[in-house]
Amino acid sequence: MWDVSHPHNWLLNVGVDLGVPGMIAFVALWLLHGAGLVRAGRQQAGWEGRVAWGLLAGSVALLVFGLSDSLPLGSKLGIIIWPMLVLGQLLGAGREAKPRSAPA
Amino acid sequence: MRGILQRCAHWIARNELLYIALLGPLLLSGRPRLVLLALPAALLAPLAARSDGGRWFPRTALDWPLALLLLMLTASLFAPHSNYVKTVMASRPESYWRLGERLGNLAQDMRYDSLDGIYIKRAAHGRYYGWQSGEPRQVAGALDASYNDALHFAGGARVAMSWGPDNCIRCPEGRYWIPADQAFTISVWLQAQPGAAGTPLYIGAADDPLRALAGAPSRSVFVALRNPANLQVCVFGACGAPSGVSAADGSWHHVALTWAPAHLRSTQPQRPLPMAQLFGWASLYLDGQRVAYQRLPMVPVGGLYNFFFGGPNGKANDRWTNWYLTPESYVQQSNPNRTLLLGYEPYQNVPTTFTGALDELAIYARVLTPAEVGMHLKAAHAPLELFAKVRIALDKICGVVWGVLFYYAGVRWGRQRARGPARVAAGLLAGGLALALAAPMIVDRSLDWLTKYPLLGMILMALPDLHTRVPGSPNGLQANAVAGVLAALLPVCVALLAPSLGGWRPQVRIGWKQLLDGVIVAMGAAVVAFLAWPGAGGGLGAAVVLTLVAGASTVVLFAPVRSVLRTPLLTATIIWGAILAAVVAVALAVSITVAYAVLLTLAVGAGVMLQLRAATGATDAERMWVAFLLLGCTLVVAGSIVVTQSRGGWFAVAVGLVALAFFIGLPRGWRWLGLPVAGALAVAGTLVFYGGVGWLPRLVGNMTGKAGFRQELWTAGISALQDWRWTGMGFNFFRSEARLNYPFAMNKW
């Protein structure tokens, strides 16, 4: 019998697991991640820019894969998204959110 | 003591990422005892960071989506789930129809290989029609904490449902009837308005030919539940006295009818019993209380005593109606008085059309005890407890919590180090490389994966089988998911590899010579593709070869060879080409396992040689080493994606690489075009995959079943999303709830 552990669509999978608010959070997560990578790719030269574009293309590939399959949140292979998000933050938005210097 | 605690906190704060990473295997194991240890320990990490003078969590752009995800994770634990269906299934019914389908005409039997029915209704002119998709027939179901609907029988036009015997594709003979010498139970939920009459449940049989010959009325009844306002049961043609109890008050009531024959004579099914004085005991339960216990004679029905509730035409002793739907949804009926009906009883002198609703009809081949009937009733009103839901979702909850902690630890760690992003990128690629190397040996090796593309299946078969050694995944990793992960990493490898082309830029020069070369290369490609076609199991190999040769011919046509030869990428390609040629030779001469070992040995050896050469200060050696490494990484990841045989993974890689080409190939102001192009490709590809395009199966093999499978799952997923829209159903519930609440044809696949 075929596996029906998830609805074979990543966004739908998140919605089924965590409801419509969970879907909104998931979409926002990828939009903000993508925006950060676009910013990093445009602003940074050298390998950092290339990694940003590569990571963005990889995120696109992951989401395209998610059209007809899923990497459920919290699953063993689903942990791939966390280092991707870390790298995206360090390359893009992370540069803007450096901790403020402590008051004297 | 306090000093020790402070030192511990300091160490955790300094090594937060390592600490979280080490706790990962424990948290992701999903084993309650390990999780009980690891989860509090993991939650100490932000506490330690705070006590060490930092923030609980570093501020990032993803804070609010992650907070919302965690909030919804908590909310999903309070999503309602009913215990009733599982309780009924645990009682092993012969058939169980939930009567809650919102789409289509089929009334799905929860027993996977048993009977499906067809929802039909009778129009005013007397013909029967199948329910049209979207036509309302449901009301809210009987069960608490379940979104499953119930079948509504409106007044006026007669509404009926028939178990169409011809729908039972797989049910073996013997599944759809219960021998006369065997007990049975029928349970159903009933809702009727005050004063409602009619026959909610009628399981009729063939005309009795013996009776008809004798001039007696030919109607025959196996089981009937009549008159909700004064419940009466009929079994094997004999009806007991009205029970005097009413279920017609507008509320849902659980009704169970048990039948125990007093004589157990026949051990041969379908063999008519002697016309003796046989009888049995019928019990009627209303909401768990037995309200009638009656001795009823057994009257042979259709010359038989066996209790038929479905069966194909043309079988011995069968006189069932032949129902089927024409293209216009008109229901053909060879003999309307031989059927199994809900909401109506034929051949009565009084009106029998039932107005109300029925839900959760189950037939058991034994007598349910009063305790079991009470347990079913209790389960209908006792939702799944919080603790049970946490147990079910534990592994995913821990996965998400660990992921969020890892994310914040990683961001904090990366920001505190000079080359943090480079190290994280290296770690990501190293992890991907390790997964790609191991994937062919640890993916699920079910028959589906071995026969999809024979050539690739052979490679999988030839490699060591380690899929049972993956912790927490006894069947190995799911190949599609592995392909998805690797598809995300391949563009990163390629993006880093791109500068290894050096200063080479394609120069378009088209002349007679180039065109002639192109024609020759294309013919060669066609020959190779033709030869590869059958061996690749339906065209994949041909497509890959064609693509490779076409790419090579493009290089030959348009590239100035001398400038290409100077690039580190070409050198790396030549080295890898030599290694792969050696590997293929070993694979053909010895075995794929040995070839795999040779591949690793040669790759590591070549890498070490290049690194040594770089250490001696050779010109451009470091770039060559990097190109060699990245090309190797790219080849391993790409090869692993191919071997997984995941068409979704291949498609995702193709779209990702097209997007990457836009991102790094176009001028700076136009790179954003990669996103809409990738989106358009994704939409177009999905439409082609699921749109039944004729040429596609020739390219990627037959995927009709998979497409239908996914479309059914999407439908079920959308229904589930509608039902649990604000909380979700929670992690790990889809597998059970989809089958229980939205049964579909894939149950039979």
# chains A, B, ... in the order shown; residues from 1 in each chain; ligands from 1
>>> residues_around(residues="Val38 of chain A", least_positions_apart="2", cutoff="9 Å", atoms="only C-alpha atoms", output="ChimeraX atom specification")
/A:33-36,40-43,52-53,56,92 /B:672
>>> write_last_selection(atoms="C-alpha atoms", output="mmCIF file, in the first residue's frame")
data_model
loop_
_atom_site.group_PDB
_atom_site.id
_atom_site.type_symbol
_atom_site.label_atom_id
_atom_site.label_comp_id
_atom_site.auth_asym_id
_atom_site.auth_seq_id
_atom_site.Cartn_x
_atom_site.Cartn_y
_atom_site.Cartn_z
ATOM 1 C CA HIS A 33 14.520 33.808 3.534
ATOM 2 C CA GLY A 34 14.344 34.398 -0.236
ATOM 3 C CA ALA A 35 14.291 38.160 0.155
ATOM 4 C CA GLY A 36 17.387 37.996 2.324
ATOM 5 C CA ALA A 40 22.774 39.205 -0.296
ATOM 6 C CA GLY A 41 23.259 38.126 -3.899
ATOM 7 C CA ARG A 42 22.877 41.659 -5.172
ATOM 8 C CA GLN A 43 25.002 43.325 -2.527
ATOM 9 C CA ALA A 52 23.491 33.312 -1.912
ATOM 10 C CA TRP A 53 22.320 32.790 -5.487
ATOM 11 C CA LEU A 56 18.222 30.743 -3.530
ATOM 12 C CA GLY A 92 21.647 38.275 3.985
ATOM 13 C CA TRP B 672 15.445 38.497 -10.400
#
>>> residues_around(residues="segment 61-72 of chain A", least_positions_apart="5", cutoff="7 Å", atoms="only C-alpha atoms", output="PyMOL selection string")
(chain A and resi 8-10+13+77-78) or (chain B and resi 481+484+487-488+648-649+652-653+655-656+682)
>>> write_last_selection(atoms="C-alpha atoms", output="tab-separated table (two decimals), in the first residue's frame")
chain	number	residue	atom	x	y	z
A	8	HIS	CA	2.35	15.08	-1.03
A	9	ASN	CA	2.36	18.86	-1.23
A	10	TRP	CA	4.59	20.68	1.19
A	13	ASN	CA	1.25	19.31	4.47
A	77	LEU	CA	15.36	14.68	6.27
A	78	GLY	CA	13.36	17.86	6.87
B	481	ALA	CA	12.72	12.86	0.20
B	484	GLY	CA	14.41	16.64	-2.52
B	487	ALA	CA	18.02	18.93	-5.12
B	488	ALA	CA	18.35	21.83	-2.69
B	648	GLY	CA	9.92	15.00	-8.68
B	649	GLY	CA	13.55	15.37	-7.58
B	652	ALA	CA	13.12	20.18	-9.03
B	653	VAL	CA	16.82	20.04	-9.93
B	655	VAL	CA	14.05	24.09	-12.36
B	656	GLY	CA	16.63	25.01	-9.72
B	682	ALA	CA	7.18	24.71	-12.04
>>> residues_around(residues="Gly15 of chain A", least_positions_apart="5", cutoff="8 Å", atoms="only C-alpha atoms", output="short mmCIF file (atom, residue, chain, number, x, y, z; two decimals) with C-alpha atoms, in the first residue's frame")
data_model
loop_
_atom_site.label_atom_id
_atom_site.label_comp_id
_atom_site.auth_asym_id
_atom_site.auth_seq_id
_atom_site.Cartn_x
_atom_site.Cartn_y
_atom_site.Cartn_z
CA VAL A 20 -3.88 28.02 8.10
CA PRO A 21 -1.78 30.14 10.53
CA GLY A 22 0.96 27.55 10.19
CA MET A 23 0.76 27.86 6.42
CA LEU B 721 -7.31 21.58 5.87
CA ARG B 725 -8.29 24.94 9.47
CA GLY B 728 -4.30 21.73 11.95
#
>>> atom_distance(atom1="atom CA of Ile459 of chain B", atom2="atom CA of Trp650 of chain B")
17.6 Å
>>> atom_distance(atom1="atom CA of Ala581 of chain B", atom2="atom CA of Val642 of chain B")
18.2 Å
>>> atom_distance(atom1="atom CA of Ala13 of chain B", atom2="atom CA of Pro40 of chain B")
15.4 Å
>>> select_by_dssp(residues="chain A", states="alpha helix (DSSP H)", output="MDAnalysis selection string")
chainID A and resid 10:43 46:65 81:91 93:96
>>> write_last_selection(atoms="C-alpha atoms", output="PDB file, in the first residue's frame")
ATOM      1  CA  TRP A  10       4.587  20.675   1.194  1.00  0.00           C
ATOM      2  CA  LEU A  11       2.422  23.716   1.786  1.00  0.00           C
ATOM      3  CA  LEU A  12      -0.679  21.576   2.129  1.00  0.00           C
ATOM      4  CA  ASN A  13       1.248  19.311   4.466  1.00  0.00           C
ATOM      5  CA  VAL A  14       2.089  22.224   6.744  1.00  0.00           C
ATOM      6  CA  GLY A  15      -1.532  23.387   6.583  1.00  0.00           C
ATOM      7  CA  VAL A  16      -2.858  19.959   7.475  1.00  0.00           C
ATOM      8  CA  ASP A  17      -0.410  19.683  10.368  1.00  0.00           C
ATOM      9  CA  LEU A  18      -0.509  23.233  11.730  1.00  0.00           C
ATOM     10  CA  GLY A  19      -3.558  24.890  10.201  1.00  0.00           C
ATOM     11  CA  VAL A  20      -3.876  28.021   8.100  1.00  0.00           C
ATOM     12  CA  PRO A  21      -1.785  30.138  10.526  1.00  0.00           C
ATOM     13  CA  GLY A  22       0.964  27.545  10.189  1.00  0.00           C
ATOM     14  CA  MET A  23       0.755  27.864   6.416  1.00  0.00           C
ATOM     15  CA  ILE A  24       1.077  31.633   6.713  1.00  0.00           C
ATOM     16  CA  ALA A  25       4.151  31.241   8.921  1.00  0.00           C
ATOM     17  CA  PHE A  26       5.657  28.752   6.480  1.00  0.00           C
ATOM     18  CA  VAL A  27       5.114  30.995   3.470  1.00  0.00           C
ATOM     19  CA  ALA A  28       6.465  33.991   5.372  1.00  0.00           C
ATOM     20  CA  LEU A  29       9.499  31.978   6.391  1.00  0.00           C
ATOM     21  CA  TRP A  30      10.446  31.211   2.797  1.00  0.00           C
ATOM     22  CA  LEU A  31       9.590  34.674   1.502  1.00  0.00           C
ATOM     23  CA  LEU A  32      11.772  36.360   4.103  1.00  0.00           C
ATOM     24  CA  HIS A  33      14.520  33.808   3.534  1.00  0.00           C
ATOM     25  CA  GLY A  34      14.344  34.398  -0.236  1.00  0.00           C
ATOM     26  CA  ALA A  35      14.291  38.160   0.155  1.00  0.00           C
ATOM     27  CA  GLY A  36      17.387  37.996   2.324  1.00  0.00           C
ATOM     28  CA  LEU A  37      19.190  35.870  -0.231  1.00  0.00           C
ATOM     29  CA  VAL A  38      18.260  38.169  -3.118  1.00  0.00           C
ATOM     30  CA  ARG A  39      19.590  41.094  -1.123  1.00  0.00           C
ATOM     31  CA  ALA A  40      22.774  39.205  -0.296  1.00  0.00           C
ATOM     32  CA  GLY A  41      23.259  38.126  -3.899  1.00  0.00           C
ATOM     33  CA  ARG A  42      22.877  41.659  -5.172  1.00  0.00           C
ATOM     34  CA  GLN A  43      25.002  43.325  -2.527  1.00  0.00           C
ATOM     35  CA  GLY A  46      32.735  36.882  -4.535  1.00  0.00           C
ATOM     36  CA  TRP A  47      31.819  33.506  -3.157  1.00  0.00           C
ATOM     37  CA  GLU A  48      29.269  34.898  -0.700  1.00  0.00           C
ATOM     38  CA  GLY A  49      27.187  36.289  -3.542  1.00  0.00           C
ATOM     39  CA  ARG A  50      27.443  33.035  -5.459  1.00  0.00           C
ATOM     40  CA  VAL A  51      26.451  30.991  -2.422  1.00  0.00           C
ATOM     41  CA  ALA A  52      23.491  33.312  -1.912  1.00  0.00           C
ATOM     42  CA  TRP A  53      22.320  32.790  -5.487  1.00  0.00           C
ATOM     43  CA  GLY A  54      23.015  29.068  -5.269  1.00  0.00           C
ATOM     44  CA  LEU A  55      21.099  28.824  -2.018  1.00  0.00           C
ATOM     45  CA  LEU A  56      18.222  30.743  -3.530  1.00  0.00           C
ATOM     46  CA  ALA A  57      18.172  28.376  -6.508  1.00  0.00           C
ATOM     47  CA  GLY A  58      18.358  25.452  -4.082  1.00  0.00           C
ATOM     48  CA  SER A  59      15.430  26.852  -2.136  1.00  0.00           C
ATOM     49  CA  VAL A  60      13.509  27.178  -5.393  1.00  0.00           C
ATOM     50  CA  ALA A  61      14.324  23.552  -6.188  1.00  0.00           C
ATOM     51  CA  LEU A  62      13.181  22.476  -2.741  1.00  0.00           C
ATOM     52  CA  LEU A  63       9.888  24.317  -3.092  1.00  0.00           C
ATOM     53  CA  VAL A  64       9.343  22.915  -6.591  1.00  0.00           C
ATOM     54  CA  PHE A  65       9.965  19.468  -5.153  1.00  0.00           C
ATOM     55  CA  ILE A  81      15.906  23.537   6.045  1.00  0.00           C
ATOM     56  CA  TRP A  82      17.474  24.704   9.305  1.00  0.00           C
ATOM     57  CA  PRO A  83      21.124  25.030   8.144  1.00  0.00           C
ATOM     58  CA  MET A  84      19.754  26.556   4.927  1.00  0.00           C
ATOM     59  CA  LEU A  85      17.923  29.184   6.963  1.00  0.00           C
ATOM     60  CA  VAL A  86      20.999  29.769   9.118  1.00  0.00           C
ATOM     61  CA  LEU A  87      23.170  30.315   6.060  1.00  0.00           C
ATOM     62  CA  GLY A  88      20.579  32.590   4.498  1.00  0.00           C
ATOM     63  CA  GLN A  89      20.467  34.702   7.629  1.00  0.00           C
ATOM     64  CA  LEU A  90      24.239  34.906   7.870  1.00  0.00           C
ATOM     65  CA  LEU A  91      24.560  35.910   4.227  1.00  0.00           C
ATOM     66  CA  ALA A  93      19.523  39.556   6.767  1.00  0.00           C
ATOM     67  CA  GLY A  94      22.103  38.526   9.302  1.00  0.00           C
ATOM     68  CA  ARG A  95      24.371  41.307   8.131  1.00  0.00           C
ATOM     69  CA  GLU A  96      21.719  43.834   8.953  1.00  0.00           C
TER      70      GLU A  96
END
>>> residues_around(residues="segment 196-200 of chain B", least_positions_apart="3", cutoff="9 Å", atoms="only C-alpha atoms", output="mmCIF file with N, CA and C atoms, in the first residue's frame")
data_model
loop_
_atom_site.group_PDB
_atom_site.id
_atom_site.type_symbol
_atom_site.label_atom_id
_atom_site.label_comp_id
_atom_site.auth_asym_id
_atom_site.auth_seq_id
_atom_site.Cartn_x
_atom_site.Cartn_y
_atom_site.Cartn_z
ATOM 1 N N PHE B 153 -30.843 11.909 4.484
ATOM 2 C CA PHE B 153 -31.967 11.484 3.644
ATOM 3 C C PHE B 153 -33.052 12.537 3.761
ATOM 4 N N LEU B 190 -28.011 7.007 14.132
ATOM 5 C CA LEU B 190 -29.294 7.388 13.544
ATOM 6 C C LEU B 190 -29.729 8.740 14.093
ATOM 7 N N ALA B 192 -33.096 11.260 13.650
ATOM 8 C CA ALA B 192 -34.428 11.426 13.043
ATOM 9 C C ALA B 192 -35.198 12.489 13.807
ATOM 10 N N GLN B 193 -35.992 13.219 13.079
ATOM 11 C CA GLN B 193 -36.785 14.258 13.718
ATOM 12 C C GLN B 193 -37.969 13.624 14.457
ATOM 13 N N ALA B 224 -33.864 -5.532 8.660
ATOM 14 C CA ALA B 224 -34.463 -4.202 8.517
ATOM 15 C C ALA B 224 -34.545 -3.560 9.891
ATOM 16 N N LEU B 225 -34.285 -2.282 9.892
ATOM 17 C CA LEU B 225 -34.479 -1.486 11.104
ATOM 18 C C LEU B 225 -35.547 -0.471 10.756
ATOM 19 N N ARG B 226 -36.727 -0.635 11.351
ATOM 20 C CA ARG B 226 -37.869 0.169 10.938
ATOM 21 C C ARG B 226 -38.262 1.190 12.011
ATOM 22 N N ASN B 227 -38.885 2.224 11.553
ATOM 23 C CA ASN B 227 -39.609 3.192 12.373
ATOM 24 C C ASN B 227 -38.807 3.754 13.548
ATOM 25 N N PRO B 228 -38.058 4.799 13.344
ATOM 26 C CA PRO B 228 -37.273 5.392 14.438
ATOM 27 C C PRO B 228 -38.126 5.808 15.640
ATOM 28 N N ALA B 229 -39.379 6.112 15.414
ATOM 29 C CA ALA B 229 -40.212 6.563 16.524
ATOM 30 C C ALA B 229 -40.634 5.401 17.422
ATOM 31 N N ASN B 230 -40.541 4.175 16.902
ATOM 32 C CA ASN B 230 -40.865 2.989 17.706
ATOM 33 C C ASN B 230 -40.079 1.828 17.084
ATOM 34 N N ALA B 248 -36.381 9.026 17.688
ATOM 35 C CA ALA B 248 -36.750 10.160 16.836
ATOM 36 C C ALA B 248 -36.939 11.406 17.686
ATOM 37 N N ASP B 249 -35.834 12.023 18.070
ATOM 38 C CA ASP B 249 -35.915 13.263 18.843
ATOM 39 C C ASP B 249 -34.984 14.333 18.301
ATOM 40 N N LEU B 341 -30.485 -1.352 0.726
ATOM 41 C CA LEU B 341 -30.901 0.046 0.706
ATOM 42 C C LEU B 341 -30.733 0.712 2.060
ATOM 43 N N LEU B 342 -30.455 1.977 2.006
ATOM 44 C CA LEU B 342 -30.549 2.817 3.196
ATOM 45 C C LEU B 342 -31.604 3.871 2.916
ATOM 46 N N GLY B 343 -32.425 4.115 3.889
ATOM 47 C CA GLY B 343 -33.405 5.178 3.758
ATOM 48 C C GLY B 343 -34.701 4.788 3.099
ATOM 49 N N TYR B 344 -34.864 3.521 2.780
ATOM 50 C CA TYR B 344 -36.097 3.142 2.082
ATOM 51 C C TYR B 344 -36.218 1.631 2.098
ATOM 52 N N GLU B 345 -37.451 1.132 2.186
ATOM 53 C CA GLU B 345 -37.681 -0.302 2.124
ATOM 54 C C GLU B 345 -38.727 -0.575 1.051
ATOM 55 N N VAL B 350 -47.086 0.567 3.372
ATOM 56 C CA VAL B 350 -47.058 1.875 4.035
ATOM 57 C C VAL B 350 -45.830 2.626 3.551
ATOM 58 N N PRO B 351 -45.841 3.963 3.651
ATOM 59 C CA PRO B 351 -44.650 4.722 3.231
ATOM 60 C C PRO B 351 -43.440 4.322 4.076
ATOM 61 N N THR B 352 -42.349 4.097 3.433
ATOM 62 C CA THR B 352 -41.139 3.681 4.162
ATOM 63 C C THR B 352 -39.974 4.628 3.943
ATOM 64 N N THR B 353 -40.236 5.725 3.261
ATOM 65 C CA THR B 353 -39.146 6.689 3.028
ATOM 66 C C THR B 353 -38.745 7.318 4.350
ATOM 67 N N PHE B 354 -37.493 7.228 4.633
ATOM 68 C CA PHE B 354 -36.954 7.723 5.904
ATOM 69 C C PHE B 354 -36.450 9.152 5.724
ATOM 70 N N THR B 355 -36.760 9.992 6.703
ATOM 71 C CA THR B 355 -36.234 11.358 6.696
ATOM 72 C C THR B 355 -35.345 11.527 7.925
ATOM 73 N N GLY B 356 -34.076 11.753 7.673
ATOM 74 C CA GLY B 356 -33.130 11.873 8.779
ATOM 75 C C GLY B 356 -31.727 11.649 8.269
ATOM 76 N N ALA B 357 -30.874 11.128 9.115
ATOM 77 C CA ALA B 357 -29.482 10.932 8.720
ATOM 78 C C ALA B 357 -28.940 9.647 9.330
ATOM 79 N N LEU B 358 -28.023 9.047 8.611
ATOM 80 C CA LEU B 358 -27.340 7.840 9.081
ATOM 81 C C LEU B 358 -25.831 8.077 9.028
#
>>> closest_residue(among="B:Ala382, B:Ala292, B:Leu612, B:Val470", to="chain A", atoms="only C-alpha atoms")
B:Val470
>>> closest_residue(among="B:Gly607, B:Gly280, B:Pro242, B:Pro499", to="chain A", atoms="only C-alpha atoms")
B:Pro499
